[in-house]
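Okay, data_23.pdb now, which holds PDB, C-alpha atoms:
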ATOM      1  CA  MET A  21     -36.011   8.839 -25.921
ATOM      2  CA  SER A  22     -33.704   5.854 -26.361
ATOM      3  CA  GLU A  23     -35.172   2.556 -25.174
ATOM      4  CA  LYS A  24     -32.104   2.179 -22.940
ATOM      5  CA  ARG A  25     -32.539   5.524 -21.141
ATOM      6  CA  PHE A  26     -34.082   5.819 -17.710
ATOM      7  CA  ASN A  27     -37.526   7.417 -17.641
ATOM      8  CA  PRO A  28     -37.409  10.655 -15.557
ATOM      9  CA  ASN A  29     -41.043  10.074 -14.535
ATOM     10  CA  LYS A  30     -39.742   7.242 -12.329
ATOM     11  CA  ALA A  31     -37.147   9.445 -10.582
ATOM     12  CA  ASP A  32     -38.597   9.005  -7.080
ATOM     13  CA  LYS A  33     -37.771   5.293  -7.292
ATOM     14  CA  LEU A  34     -34.069   6.220  -7.400
ATOM     15  CA  LEU A  35     -34.235   7.716  -3.894
ATOM     16  CA  SER A  36     -36.114   4.890  -2.175
ATOM     17  CA  GLU A  37     -35.045   3.639   1.246
ATOM     18  CA  GLU A  38     -34.696   0.152  -0.231
ATOM     19  CA  ARG A  39     -32.193   1.460  -2.795
ATOM     20  CA  LYS A  40     -30.252   3.393  -0.139
ATOM     21  CA  GLU A  41     -30.034   0.249   1.999
ATOM     22  CA  SER A  42     -28.968  -1.921  -0.932
ATOM     23  CA  LEU A  43     -26.345   0.452  -2.349
ATOM     24  CA  LYS A  44     -25.221   2.466   0.695
ATOM     25  CA  PRO A  45     -24.162   5.577  -1.277
ATOM     26  CA  TYR A  46     -21.823   6.927   1.419
ATOM     27  CA  LYS A  47     -19.874   3.655   1.556
ATOM     28  CA  ILE A  48     -19.535   3.691  -2.231
ATOM     29  CA  ILE A  49     -18.283   7.285  -2.094
ATOM     30  CA  ASP A  50     -15.738   6.111   0.499
ATOM     31  CA  LYS A  51     -14.499   3.470  -1.961
ATOM     32  CA  LEU A  52     -13.887   6.178  -4.571
ATOM     33  CA  GLY A  53     -11.817   8.002  -1.941
ATOM     34  CA  ILE A  54     -13.296  11.476  -2.389
ATOM     35  CA  ARG A  55     -11.508  14.121  -0.305
ATOM     36  CA  GLU A  56     -12.115  17.824   0.419
ATOM     37  CA  ARG A  57      -9.976  19.069  -2.504
ATOM     38  CA  ASP A  58     -11.329  16.700  -5.175
ATOM     39  CA  ARG A  59     -13.162  18.018  -8.233
ATOM     40  CA  VAL A  60     -15.684  15.367  -9.178
ATOM     41  CA  ALA A  61     -17.923  14.668 -12.172
ATOM     42  CA  ASP A  62     -21.001  12.551 -11.517
ATOM     43  CA  LEU A  63     -21.857  11.376 -15.026
ATOM     44  CA  GLY A  64     -25.496  10.381 -15.267
ATOM     45  CA  ALA A  65     -26.179  12.205 -12.005
ATOM     46  CA  GLY A  66     -29.936  11.860 -12.266
ATOM     47  CA  ASN A  67     -31.688  13.305  -9.237
ATOM     48  CA  GLY A  68     -28.564  13.108  -7.119
ATOM     49  CA  PHE A  69     -28.478   9.740  -5.354
ATOM     50  CA  PHE A  70     -24.670   9.940  -5.399
ATOM     51  CA  THR A  71     -24.191  13.641  -6.251
ATOM     52  CA  ILE A  72     -25.336  14.985  -2.903
ATOM     53  CA  PRO A  73     -23.140  12.624  -0.838
ATOM     54  CA  ILE A  74     -20.211  13.561  -3.110
ATOM     55  CA  ALA A  75     -20.899  17.283  -2.674
ATOM     56  CA  GLU A  76     -20.926  16.797   1.091
ATOM     57  CA  ARG A  77     -17.430  15.257   0.941
ATOM     58  CA  THR A  78     -15.629  17.872  -1.134
ATOM     59  CA  ASN A  79     -15.310  21.630  -0.884
ATOM     60  CA  GLU A  80     -14.643  21.812  -4.614
ATOM     61  CA  VAL A  81     -17.143  21.841  -7.454
ATOM     62  CA  VAL A  82     -19.123  18.728  -8.281
ATOM     63  CA  TYR A  83     -20.283  18.557 -11.884
ATOM     64  CA  ALA A  84     -23.692  16.888 -12.079
ATOM     65  CA  VAL A  85     -23.899  15.756 -15.701
ATOM     66  CA  ASP A  86     -27.063  14.244 -17.131
ATOM     67  CA  ILE A  87     -28.694  14.059 -20.546
ATOM     68  CA  GLU A  88     -32.110  14.797 -18.979
ATOM     69  CA  SER A  89     -32.591  18.389 -17.819
ATOM     70  CA  GLN A  90     -35.655  17.244 -15.854
ATOM     71  CA  MET A  91     -33.446  15.010 -13.688
ATOM     72  CA  LEU A  92     -31.008  17.857 -13.035
ATOM     73  CA  GLN A  93     -33.905  20.115 -12.004
ATOM     74  CA  LEU A  94     -34.950  17.507  -9.437
ATOM     75  CA  LEU A  95     -31.361  17.335  -8.177
ATOM     76  CA  GLU A  96     -31.097  21.117  -7.962
ATOM     77  CA  LYS A  97     -34.282  21.253  -5.886
ATOM     78  CA  ARG A  98     -32.923  18.609  -3.475
ATOM     79  CA  ALA A  99     -29.566  20.395  -3.214
ATOM     80  CA  ASP A 100     -31.290  23.719  -2.503
ATOM     81  CA  GLU A 101     -33.385  22.096   0.238
ATOM     82  CA  GLN A 102     -30.183  20.751   1.833
ATOM     83  CA  GLN A 103     -28.308  24.038   1.275
ATOM     84  CA  ILE A 104     -25.641  22.389  -0.853
ATOM     85  CA  GLU A 105     -24.045  25.005  -3.080
ATOM     86  CA  ASN A 106     -21.021  23.360  -4.734
ATOM     87  CA  ILE A 107     -22.879  21.557  -7.548
ATOM     88  CA  GLN A 108     -22.855  22.723 -11.158
ATOM     89  CA  TYR A 109     -25.582  21.289 -13.390
ATOM     90  CA  ILE A 110     -24.620  20.303 -16.925
ATOM     91  CA  VAL A 111     -26.920  18.865 -19.578
ATOM     92  CA  SER A 112     -24.748  16.579 -21.681
ATOM     93  CA  ASP A 113     -24.448  13.056 -23.001
ATOM     94  CA  LEU A 114     -21.382  10.946 -22.240
ATOM     95  CA  GLU A 115     -20.068  10.722 -25.791
ATOM     96  CA  GLY A 116     -19.353  14.461 -25.845
ATOM     97  CA  ILE A 117     -19.081  15.545 -22.204
ATOM     98  CA  ASN A 118     -19.565  19.286 -21.836
ATOM     99  CA  LEU A 119     -16.528  19.788 -19.550
ATOM    100  CA  LYS A 120     -13.032  21.129 -20.210
ATOM    101  CA  ASP A 121      -9.975  18.895 -20.569
ATOM    102  CA  ASN A 122      -8.339  17.871 -17.279
ATOM    103  CA  SER A 123     -11.156  19.410 -15.235
ATOM    104  CA  VAL A 124     -11.717  16.677 -12.604
ATOM    105  CA  ASN A 125      -9.711  14.167 -10.660
ATOM    106  CA  LYS A 126     -12.586  11.794  -9.818
ATOM    107  CA  VAL A 127     -15.450  10.542 -11.994
ATOM    108  CA  LEU A 128     -18.440   8.478 -10.946
ATOM    109  CA  VAL A 129     -20.577   6.783 -13.590
ATOM    110  CA  ALA A 130     -23.397   4.951 -11.824
ATOM    111  CA  PHE A 131     -25.874   2.795 -13.733
ATOM    112  CA  VAL A 132     -25.388   4.696 -16.996
ATOM    113  CA  ILE A 133     -22.688   2.999 -19.097
ATOM    114  CA  HIS A 134     -25.165   0.319 -20.222
ATOM    115  CA  GLU A 135     -27.230   3.151 -21.799
ATOM    116  CA  VAL A 136     -24.329   4.517 -23.875
ATOM    117  CA  GLU A 137     -24.312   3.550 -27.544
ATOM    118  CA  ARG A 138     -20.522   3.859 -27.997
ATOM    119  CA  ILE A 139     -18.814   2.981 -24.713
ATOM    120  CA  GLU A 140     -15.290   3.481 -26.106
ATOM    121  CA  LYS A 141     -16.170   7.034 -27.124
ATOM    122  CA  ALA A 142     -17.540   7.734 -23.629
ATOM    123  CA  LEU A 143     -14.365   6.307 -22.066
ATOM    124  CA  ASN A 144     -12.243   8.557 -24.306
ATOM    125  CA  GLU A 145     -14.296  11.519 -23.081
ATOM    126  CA  ILE A 146     -13.728  10.448 -19.480
ATOM    127  CA  LYS A 147      -9.983  10.236 -20.166
ATOM    128  CA  ARG A 148     -10.135  13.747 -21.642
ATOM    129  CA  ILE A 149     -11.812  15.337 -18.596
ATOM    130  CA  LEU A 150      -9.663  13.463 -16.053
ATOM    131  CA  LYS A 151      -6.584  15.137 -14.633
ATOM    132  CA  PRO A 152      -3.396  13.032 -14.700
ATOM    133  CA  GLY A 153      -3.589  10.468 -11.912
ATOM    134  CA  GLY A 154      -7.393  10.749 -11.750
ATOM    135  CA  GLU A 155      -9.707   7.846 -11.010
ATOM    136  CA  ILE A 156     -13.085   6.658 -12.177
ATOM    137  CA  MET A 157     -15.675   4.403 -10.641
ATOM    138  CA  ILE A 158     -18.273   2.682 -12.777
ATOM    139  CA  ILE A 159     -21.264   1.058 -11.089
ATOM    140  CA  GLU A 160     -23.509  -1.308 -13.014
ATOM    141  CA  TRP A 161     -25.912  -4.204 -12.694
ATOM    142  CA  GLU A 162     -24.445  -7.654 -13.015
ATOM    143  CA  ALA A 163     -25.673  -9.495 -16.119
ATOM    144  CA  ILE A 164     -28.244 -11.562 -14.251
ATOM    145  CA  GLU A 165     -32.049 -11.476 -14.181
ATOM    146  CA  THR A 166     -33.422  -9.292 -11.346
ATOM    147  CA  LYS A 167     -36.754  -7.700 -10.377
ATOM    148  CA  SER A 168     -35.456  -4.164 -10.962
ATOM    149  CA  GLY A 169     -32.978  -2.535 -13.282
ATOM    150  CA  PRO A 170     -32.620  -2.663 -17.047
ATOM    151  CA  PRO A 171     -33.465  -5.701 -19.182
ATOM    152  CA  LEU A 172     -30.847  -8.434 -19.143
ATOM    153  CA  ASN A 173     -29.816  -7.734 -22.758
ATOM    154  CA  HIS A 174     -28.820  -4.145 -21.803
ATOM    155  CA  ARG A 175     -26.586  -5.163 -18.899
ATOM    156  CA  ILE A 176     -22.808  -5.457 -18.993
ATOM    157  CA  SER A 177     -21.293  -8.222 -16.884
ATOM    158  CA  SER A 178     -18.499  -7.343 -14.487
ATOM    159  CA  THR A 179     -16.126  -9.562 -16.489
ATOM    160  CA  LYS A 180     -16.958  -7.771 -19.731
ATOM    161  CA  MET A 181     -16.669  -4.347 -18.044
ATOM    162  CA  MET A 182     -13.196  -5.225 -16.762
ATOM    163  CA  ASP A 183     -12.195  -6.265 -20.300
ATOM    164  CA  ILE A 184     -13.630  -3.061 -21.804
ATOM    165  CA  LEU A 185     -11.655  -0.926 -19.343
ATOM    166  CA  ARG A 186      -8.406  -2.860 -19.861
ATOM    167  CA  ASN A 187      -8.839  -2.577 -23.637
ATOM    168  CA  ASN A 188      -9.184   1.194 -23.212
ATOM    169  CA  ASP A 189      -5.954   1.683 -21.238
ATOM    170  CA  PHE A 190      -7.384   1.550 -17.719
ATOM    171  CA  LYS A 191      -6.043  -0.459 -14.801
ATOM    172  CA  ALA A 192      -9.184  -1.657 -13.020
ATOM    173  CA  ASP A 193     -10.205  -3.337  -9.781
ATOM    174  CA  LEU A 194     -13.569  -5.042  -9.320
ATOM    175  CA  ILE A 195     -15.576  -4.206  -6.189
ATOM    176  CA  PRO A 196     -18.649  -6.428  -5.645
ATOM    177  CA  LEU A 197     -21.398  -4.323  -4.015
ATOM    178  CA  ASN A 198     -24.222  -6.820  -3.498
ATOM    179  CA  ASP A 199     -25.795  -9.811  -5.256
ATOM    180  CA  THR A 200     -26.934  -7.760  -8.256
ATOM    181  CA  THR A 201     -24.535  -4.820  -8.668
ATOM    182  CA  TYR A 202     -20.813  -4.200  -8.900
ATOM    183  CA  ALA A 203     -18.368  -1.332  -9.050
ATOM    184  CA  VAL A 204     -15.114  -1.030 -10.938
ATOM    185  CA  LYS A 205     -12.550   1.492  -9.751
ATOM    186  CA  ALA A 206     -10.020   2.392 -12.414
ATOM    187  CA  ALA A 207      -7.188   4.701 -13.359
ATOM    188  CA  LEU A 208      -5.264   5.103 -16.579
ATOM    189  CA  ALA A 209      -2.621   2.395 -16.853
TER     190      ALA A 209
END
Represent the supplied structure as structure tokens.
Amino acid sequence: MSEKRFNPNKADKLLSEERKESLKPYKIIDKLGIRERDRVADLGAGNGFFTIPIAERTNEVVYAVDIESQMLQLLEKRADEQQIENIQYIVSDLEGINLKDNSVNKVLVAFVIHEVERIEKALNEIKRILKPGGEIMIIEWEAIETKSGPPLNHRISSTKMMDILRNNDFKADLIPLNDTTYAVKAALA
């Protein structure tokens, strides 16, 4: 496993009450503007911190994409318990996303871009799966020292993330979430 990848044995930590209070997943989903007819890809879905709230907002399919099948199994169990049936589980990395061209109109990438070796390649894949006029939201840790999250040298500052998106043909808006995390909502320019 890559030193940058999240350890699935720590999956319960992702669903803690402290994390829910800090990130407020439903408010973040509101900022992405997910509606009933949206097809959404949650890239790096993990055990579904954002996937389940997304699936509750749309009647269309939600693609839960993760490189770790163990994480998707945990998500599937949670979705079954909550009787959520509009999630498709896809084992895939982000540099070769296992989805068809123009298959979604919203993409969420939460706390995963810093793990990707070739960010530009992942962004090209996101462009490929996005329908014209589609939007993405990237959520990451700010490049500051904190008690939790990845090591400082793995983090991407909000300023650098904005530059990366602009350099890859996205028009982006920064959304501060709290003292340690940020979101960037973007569409193709």
*Would you list the residues near (-14.2, 19.5, -1.8) (no more than 7 Å away, in the coordinates of the file, using all atoms listed in the file) as a VMD selection string?*
chain A and resid 55 to 59 77 to 81
Please report, as a tab-separated table, each residue of stretch 111-151 of chain A lying at most 9 Å from stretch 182-186 of chain A, together with the nearest pair of atoms and the separation in Å rounded to one decimal; use all atoms listed in the file, and order rows by chain and ascending residue number.
residue	atom	partner	partner_atom	distance
A:Ile139	CA	A:Ile184	CA	8.5
A:Glu140	CA	A:Ile184	CA	8.0
A:Leu143	CA	A:Leu185	CA	8.2
*So how many Å separate atom CA of A:Ala130 and atom CA of A:Asn106, to one decimal?*
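Interatomic distance, atom CA of A:Ala130 to atom CA of A:Asn106: 19.9 Å.
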*asked:* Translate the PyMOL selection byres ((chain A and resi 131) around 6) into a concrete residue list for this structure, as a ChimeraX atom specification.
replied: /A:130,132,159-160
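Minimum distance to A:Glu135 across A:Ile156, A:Ile54, A:Ile48, A:Leu114 (counting all atoms listed in the file) occurs at A:Leu114.
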*asked:* Going by the chain IDs and residue numbers used in this file, which residues fall under the PyMOL selection byres ((chain A and resi 173) around 12)? Write them as a VMD selection string.
replied: chain A and resid 23 to 24 134 to 135 161 to 165 169 to 172 174 to 177
_Residues matched by the PyMOL selection byres ((chain A and resi 149) around 9) as JSON, numbers by chain_ = {"A": [61, 117, 119, 120, 121, 122, 123, 124, 125, 127, 144, 145, 146, 147, 148, 150, 151]}
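Restricting the calculation to only C-alpha atoms, the smallest distance between A:Arg98 and any of A:Asn198, A:Leu128, A:Arg138, A:Phe69 is found for A:Phe69.
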_Using all atoms listed in the file for the distances, tell me which of A:Ile110, A:Leu194, A:Val60, A:Ile158 is nearest to A:Asp86._
A:Ile110
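Counting from atom CA of A:Asp113, the distance to atom CA of A:Val85 is 7.8 Å.
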_Using all atoms listed in the file: which of A:Ala209, A:Thr200, A:Tyr109, A:Lys44 has the shortest distance to A:Asn187_ =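 Between A:Ala209, A:Thr200, A:Tyr109, A:Lys44, the residue approaching A:Asn187 most closely is A:Ala209.
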*What is the atom CA of A:Tyr202 to atom CA of A:Pro152 distance in Å?*
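Result for atom CA of A:Tyr202 versus atom CA of A:Pro152: 25.2 Å, one decimal.
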*List the neighbours of A:Lys205 out to 6 Å using all atoms listed in the file; skip same-chain residues closer than 6 positions along the sequence, and give me the result as a ChimeraX atom specification.*
/A:156-157,192-193
